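I have placed the structure first, in the form of C-alpha cells, so that the comments after it can refer back to it.
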Amino acid sequence: MKHVVVQSDLREAEIRPPRLLNRFRELSIEDAREFFGSPEGQIEVDCPACGQAGAPVAFEKNGFKYRLCATCGSLYVSPRPTAARLADYYRSSRAAQYRAEHLARETSAARRVRVIHANAYWMGRLVDEAGKSGSRIYGDLGTNYPVLFEEIAQLGLFDQYFSIEPFHGLAESCRQAGAVVAAEAPAGLAALTAFEQLEHQFSPREMLDRARGMLAPGGQLFLTTRTASGFDIQTLWDKAPYIYVPEHLNLLSIEGLERLIEGAGFDLIESSTPGQLDIELTQAAAAADPTVSLPRFIDLLLNRRDAEAREDFQALLQKHRLSSHVRIAAMKKLLTDCGK
Ligand SMILES: [Zn+2]
C-alpha cells in the first residue's frame, strides 16, 4: 500500500477564506442548536469505525458529546442526529444555503487550482495504473465543488459522469459541468469519489456499502476526510475551532478508517495524510484563542524556530501519517475475491 508525501505552498486562507468560513461555522452551530437541540431525534451509536461500544466522552462541544474509542482511537459524536434529521438539515438549514451560495461559489476558483485539480490528477493516475473494472463510468458522491467534473473530464478516462446527491443548491452547476445528477448511479462505476463526505455521514459504513454497490468489481473508491490521528486535532483537541456538529460527526483514526474500509469489501491501494496545514492551523488557533495552551515543546517549535523547521515538521507528519487531512484509495474486490 502506498503512503504519499506532497509538497506545495498551500495556504489555509486561500482555500478556506476566514470571513466565509467563520460565517459558515456560526450558522452551522446556530442551526445545529435549532435542528438538533432536543434529545428526540438523536440516537446513541457505537464507534463508526470499529463498532466498539461504550466509549467514554472525550469532550463536549456546543452541547454535543465527542467520544474517544479506546480500541481504534477514533473520535465521534454520540448521541447524534438521526439520518432523517441530518437530511432535513442539509436540505433546509441556513448553513446549507450559505454553503451553496457563498462557500462553494466564492472559493471554487482557488480550490480548483489548489485542491480539486490535485484530487482529479491523483484519481486519474491510480485509475490508469490499477484500474481493473473495464468500465468508463465515473461518479462523485455528495458533490461539493461542481468544477470537479470539468477537471475529471480532462483526464479522458471516462465517457459518463454522475453526481450522486450533490449538496443542496449545486445540482444545476453539476449539470452545467457535464454531469448527470442522480439519487443513485448505475451499478458498474469505474471510479467513485467522495471528497470530504465521511466526516458528516450518520453511518460511514452505510456510505461505504453504498459505494461498493455502485462500483464495478475492480472499481476504485477515492476518499478524503479529516482524521483524529492528525497533529492539529490531537494538539488542539476540543479547542480545534473548525470541528463542529453536524459537519464533523466522525473523526476516524487512520487505523479505524482502514479497518472500516477493508471490512466493507475493499482492498486498500493508498492511505496517506498529505495534509500541509496542521502547523498553520495550530498556530492560528493558538493565536486566536487565549484559552489554548500548547504543550511546551510544540510552543517552542511553533514560536521559536523558523519556517524551515516548521516545514520539516509538517513533512514528518505527512510521512508518518500524522496529518489530519487523509486521503484513501481502495478497490472493490474482484469477483474472484468475493465469497471467501
Ligand atoms: Zn473504534
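The chains in the C-alpha cells are called A, B, ... from first to last as shown; in each chain the residues are counted from 1, and the ligands are counted from 1 in the order shown.
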May I have all residues of segment 38-245 of chain A that DSSP, computed from the backbone, assigns to helix (DSSP H, G or I), given as a PyMOL selection string?
-> chain A and resi 83-92+94-106+108-130+147-153+171-176+198-200+204-214+231-239
Once DSSP has gone over the backbone, tell me which residues of segment 43-228 of chain A are in strand (DSSP E), as number ranges by chain.
-> A: 43, 57-61, 64-68, 75-77, 80-81, 137-141, 160-164, 180-182, 189-195, 215-226
Which residues come within 7 Å of segment 100-106 of chain A, counting only C-alpha atoms, excluding same-chain residues fewer than 4 positions away, as a PyMOL selection string?
-> chain A and resi 20+96+144-145+168-170
Could you please extract the residues within 9 Å of ligand 1, counting only C-alpha atoms and all ligand atoms, and hand them back as a list in words?
-> Asp46, Cys47, Pro48, Ala49, Cys50, Gly51, Gln52, Ala53, Ala55, Leu68, Cys69, Ala70, Thr71, Cys72, Gly73, Ser74, Leu75, Leu252, Ser253, Glu255 and Gly256 of chain A
Selection export as an mmCIF file, in the first residue's frame, atoms kept: C-alpha atoms:
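Listed below is the output, out-v2.cif:
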```
data_model
loop_
_atom_site.group_PDB
_atom_site.id
_atom_site.type_symbol
_atom_site.label_atom_id
_atom_site.label_comp_id
_atom_site.auth_asym_id
_atom_site.auth_seq_id
_atom_site.Cartn_x
_atom_site.Cartn_y
_atom_site.Cartn_z
ATOM 1 C CA ASP A 46 -21.109 2.669 18.738
ATOM 2 C CA CYS A 47 -17.747 3.533 17.205
ATOM 3 C CA PRO A 48 -18.489 4.144 13.496
ATOM 4 C CA ALA A 49 -15.080 2.731 12.528
ATOM 5 C CA CYS A 50 -14.653 -0.460 14.545
ATOM 6 C CA GLY A 51 -18.055 -0.984 16.182
ATOM 7 C CA GLN A 52 -16.733 -0.921 19.762
ATOM 8 C CA ALA A 53 -19.411 0.136 22.271
ATOM 9 C CA ALA A 55 -16.517 4.801 24.509
ATOM 10 C CA LEU A 68 -12.948 8.559 22.030
ATOM 11 C CA CYS A 69 -12.847 4.896 21.027
ATOM 12 C CA ALA A 70 -10.331 3.042 23.175
ATOM 13 C CA THR A 71 -9.947 0.340 20.524
ATOM 14 C CA CYS A 72 -9.161 2.337 17.369
ATOM 15 C CA GLY A 73 -8.632 5.921 18.581
ATOM 16 C CA SER A 74 -11.488 7.445 16.564
ATOM 17 C CA LEU A 75 -13.406 10.494 17.801
ATOM 18 C CA LEU A 252 -11.966 8.441 12.471
ATOM 19 C CA SER A 253 -8.385 7.411 13.170
ATOM 20 C CA GLU A 255 -6.380 2.625 11.888
ATOM 21 C CA GLY A 256 -10.157 2.859 12.250
#
```
Counting only C-alpha atoms, which of A:Ala284, A:Ala211, A:Ile29, A:Ala179 gets nearest to Arg94 of chain A?
-> A:Ile29
Between A:Gly263, A:Gly156, A:Gly275, A:Gly41, which one has atoms that come closest to Gly230 of chain A, using only C-alpha atoms?
-> A:Gly275
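Residue nearest Phe149 of chain A within the list A:Ala287, A:Leu335, A:Ile116, A:Ile269: A:Ile116 [criterion: smallest interatomic distance, only C-alpha atoms].
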Segment 119-140 of chain A near segment 185-207 of chain A within 9 Å: what's each residue's closest atom pair and its distance in Å to one decimal, counting only C-alpha atoms, ordered by chain then ascending residue number, as a tab-separated table?
```
residue	atom	partner	partner_atom	distance
A:Asn119	CA	A:Phe195	CA	8.7
A:Met123	CA	A:Ala191	CA	8.3
A:Val127	CA	A:Ala191	CA	7.5
A:Gly131	CA	A:Ala190	CA	7.5
A:Lys132	CA	A:Ala190	CA	8.2
A:Ser133	CA	A:Ala190	CA	5.7
A:Gly134	CA	A:Ala190	CA	7.1
A:Ser135	CA	A:Ala190	CA	4.9
A:Arg136	CA	A:Ala190	CA	5.8
A:Ile137	CA	A:Leu189	CA	4.9
A:Tyr138	CA	A:Ala191	CA	5.1
A:Gly139	CA	A:Leu192	CA	4.7
A:Asp140	CA	A:Thr193	CA	4.7
```
Quick one: write out the picked residues with all heavy atoms as a compact mmCIF listing (two decimals), in the first residue's frame?
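As a result, again_11.txt now contains:
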```txt
# COMPACT_ATOMS: atom_id res chain seq x y z
N ASN A 119 -6.75 16.50 -6.66
CA ASN A 119 -7.56 15.31 -6.39
C ASN A 119 -7.88 14.56 -7.68
O ASN A 119 -7.82 13.33 -7.74
CB ASN A 119 -8.87 15.69 -5.69
CG ASN A 119 -8.68 15.95 -4.20
OD1 ASN A 119 -7.67 15.54 -3.61
ND2 ASN A 119 -9.63 16.63 -3.60
N MET A 123 -6.62 10.77 -8.64
CA MET A 123 -7.55 9.72 -9.00
C MET A 123 -7.21 9.16 -10.38
O MET A 123 -7.15 7.94 -10.58
CB MET A 123 -8.97 10.25 -8.99
CG MET A 123 -9.98 9.17 -9.21
SD MET A 123 -11.52 9.82 -9.79
CE MET A 123 -11.13 10.07 -11.48
N VAL A 127 -6.39 5.26 -11.35
CA VAL A 127 -7.29 4.51 -12.26
C VAL A 127 -6.48 3.98 -13.43
O VAL A 127 -6.63 2.83 -13.85
CB VAL A 127 -8.45 5.40 -12.74
CG1 VAL A 127 -9.23 4.74 -13.88
CG2 VAL A 127 -9.41 5.70 -11.58
N GLY A 131 -6.58 0.40 -12.61
CA GLY A 131 -7.97 0.17 -12.98
C GLY A 131 -8.18 -1.21 -13.59
O GLY A 131 -7.52 -1.55 -14.57
N LYS A 132 -9.09 -1.95 -13.00
CA LYS A 132 -9.31 -3.30 -13.50
C LYS A 132 -10.78 -3.54 -13.78
O LYS A 132 -11.22 -4.66 -13.95
CB LYS A 132 -8.84 -4.32 -12.45
CG LYS A 132 -7.34 -4.32 -12.25
CD LYS A 132 -6.95 -5.36 -11.21
CE LYS A 132 -5.45 -5.36 -10.99
NZ LYS A 132 -5.05 -6.07 -9.78
N SER A 133 -11.57 -2.48 -13.80
CA SER A 133 -13.01 -2.67 -13.89
C SER A 133 -13.50 -2.82 -15.34
O SER A 133 -14.54 -3.39 -15.59
CB SER A 133 -13.73 -1.49 -13.24
OG SER A 133 -13.56 -0.33 -14.03
N GLY A 134 -12.75 -2.25 -16.29
CA GLY A 134 -13.22 -2.26 -17.68
C GLY A 134 -14.32 -1.25 -17.95
O GLY A 134 -14.79 -1.12 -19.08
N SER A 135 -14.73 -0.52 -16.93
CA SER A 135 -15.82 0.46 -17.06
C SER A 135 -15.25 1.84 -17.39
O SER A 135 -14.09 2.13 -17.11
CB SER A 135 -16.60 0.52 -15.74
OG SER A 135 -17.37 1.69 -15.67
N ARG A 136 -16.10 2.69 -18.00
CA ARG A 136 -15.69 4.09 -18.24
C ARG A 136 -16.73 5.05 -17.67
O ARG A 136 -17.02 6.10 -18.22
CB ARG A 136 -15.49 4.32 -19.75
CG ARG A 136 -14.21 3.64 -20.27
CD ARG A 136 -14.00 3.86 -21.75
NE ARG A 136 -13.82 5.26 -22.12
CZ ARG A 136 -12.65 5.91 -22.08
NH1 ARG A 136 -11.56 5.30 -21.67
NH2 ARG A 136 -12.58 7.17 -22.47
N ILE A 137 -17.31 4.63 -16.54
CA ILE A 137 -18.32 5.48 -15.88
C ILE A 137 -17.75 5.97 -14.55
O ILE A 137 -17.18 5.19 -13.78
CB ILE A 137 -19.63 4.71 -15.60
CG1 ILE A 137 -20.06 3.91 -16.84
CG2 ILE A 137 -20.74 5.67 -15.18
CD1 ILE A 137 -21.24 2.99 -16.56
N TYR A 138 -17.95 7.26 -14.32
CA TYR A 138 -17.42 7.90 -13.10
C TYR A 138 -18.56 8.51 -12.29
O TYR A 138 -19.51 9.05 -12.85
CB TYR A 138 -16.42 8.98 -13.50
CG TYR A 138 -16.12 9.98 -12.41
CD1 TYR A 138 -15.27 9.66 -11.37
CD2 TYR A 138 -16.72 11.25 -12.41
CE1 TYR A 138 -15.02 10.56 -10.34
CE2 TYR A 138 -16.47 12.15 -11.40
CZ TYR A 138 -15.61 11.80 -10.36
OH TYR A 138 -15.36 12.70 -9.36
N GLY A 139 -18.44 8.44 -10.98
CA GLY A 139 -19.42 9.09 -10.11
C GLY A 139 -18.75 9.85 -8.99
O GLY A 139 -17.67 9.48 -8.53
N ASP A 140 -19.42 10.94 -8.55
CA ASP A 140 -18.96 11.67 -7.36
C ASP A 140 -20.13 11.71 -6.39
O ASP A 140 -21.24 12.13 -6.75
CB ASP A 140 -18.51 13.09 -7.71
CG ASP A 140 -18.03 13.83 -6.47
OD1 ASP A 140 -17.11 13.32 -5.80
OD2 ASP A 140 -18.58 14.90 -6.16
```
Do you know which residues are at most 7 Å from Ala330 of chain A counting only C-alpha atoms, after dropping those on the same chain fewer than 2 positions away, and could you put them as a VMD selection string?
-> chain A and resid 220 to 222 266 to 270 328 332
With N, CA, C and O atoms retained, export the selected residues as a PDB file, in the first residue's frame.
```pdb
ATOM      1  N   GLN A 220     -12.741   1.646  -8.311  1.00  0.00           N
ATOM      2  CA  GLN A 220     -11.999   2.247  -7.197  1.00  0.00           C
ATOM      3  C   GLN A 220     -12.755   3.381  -6.507  1.00  0.00           C
ATOM      4  O   GLN A 220     -13.440   4.164  -7.153  1.00  0.00           O
ATOM      5  N   LEU A 221     -12.548   3.439  -5.204  1.00  0.00           N
ATOM      6  CA  LEU A 221     -13.159   4.461  -4.358  1.00  0.00           C
ATOM      7  C   LEU A 221     -12.063   5.398  -3.866  1.00  0.00           C
ATOM      8  O   LEU A 221     -10.998   4.946  -3.443  1.00  0.00           O
ATOM      9  N   PHE A 222     -12.346   6.706  -3.939  1.00  0.00           N
ATOM     10  CA  PHE A 222     -11.369   7.714  -3.526  1.00  0.00           C
ATOM     11  C   PHE A 222     -11.998   8.613  -2.472  1.00  0.00           C
ATOM     12  O   PHE A 222     -13.012   9.264  -2.745  1.00  0.00           O
ATOM     13  N   PHE A 266     -13.323  -3.838   0.483  1.00  0.00           N
ATOM     14  CA  PHE A 266     -12.344  -3.149  -0.373  1.00  0.00           C
ATOM     15  C   PHE A 266     -10.925  -3.591  -0.020  1.00  0.00           C
ATOM     16  O   PHE A 266     -10.650  -3.946   1.125  1.00  0.00           O
ATOM     17  N   ASP A 267     -10.046  -3.515  -1.007  1.00  0.00           N
ATOM     18  CA  ASP A 267      -8.611  -3.646  -0.755  1.00  0.00           C
ATOM     19  C   ASP A 267      -8.012  -2.241  -0.783  1.00  0.00           C
ATOM     20  O   ASP A 267      -8.271  -1.479  -1.724  1.00  0.00           O
ATOM     21  N   LEU A 268      -7.199  -1.900   0.210  1.00  0.00           N
ATOM     22  CA  LEU A 268      -6.591  -0.565   0.249  1.00  0.00           C
ATOM     23  C   LEU A 268      -5.495  -0.460  -0.802  1.00  0.00           C
ATOM     24  O   LEU A 268      -4.677  -1.367  -0.951  1.00  0.00           O
ATOM     25  N   ILE A 269      -5.498   0.653  -1.525  1.00  0.00           N
ATOM     26  CA  ILE A 269      -4.440   0.929  -2.503  1.00  0.00           C
ATOM     27  C   ILE A 269      -3.504   1.999  -1.955  1.00  0.00           C
ATOM     28  O   ILE A 269      -2.300   1.926  -2.086  1.00  0.00           O
ATOM     29  N   GLU A 270      -4.107   3.012  -1.354  1.00  0.00           N
ATOM     30  CA  GLU A 270      -3.302   4.086  -0.767  1.00  0.00           C
ATOM     31  C   GLU A 270      -3.976   4.589   0.497  1.00  0.00           C
ATOM     32  O   GLU A 270      -5.202   4.715   0.553  1.00  0.00           O
ATOM     33  N   ILE A 328      -7.623   8.360   0.926  1.00  0.00           N
ATOM     34  CA  ILE A 328      -7.573   6.904   0.821  1.00  0.00           C
ATOM     35  C   ILE A 328      -8.102   6.484  -0.532  1.00  0.00           C
ATOM     36  O   ILE A 328      -9.130   6.985  -0.993  1.00  0.00           O
ATOM     37  N   LYS A 332     -12.708  -2.038  -4.986  1.00  0.00           N
ATOM     38  CA  LYS A 332     -13.711  -3.065  -4.672  1.00  0.00           C
ATOM     39  C   LYS A 332     -13.153  -4.413  -5.094  1.00  0.00           C
ATOM     40  O   LYS A 332     -12.622  -4.556  -6.199  1.00  0.00           O
TER      41      LYS A 332
END
```
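Minimum distance to Lys61 of chain A across A:Ala183, A:Leu155, A:Ala171, A:Ala240 (counting only C-alpha atoms) occurs at A:Ala240.
Comparing the minimum interatomic distances between Pro18 of chain A and each of A:Ala228, A:Gly219, A:Leu334, A:Thr107, counting only C-alpha atoms, we find that A:Thr107 sits nearest.
Going from atom CA of Pro146 of chain A to atom CA of Ala182 of chain A covers 13.9 Å.
With only C-alpha atoms as the atoms that count, the minimum distance from Asp209 of chain A to the choices A:Ala84, A:Leu260, A:Asp232, A:Gly63 is reached by A:Leu260.
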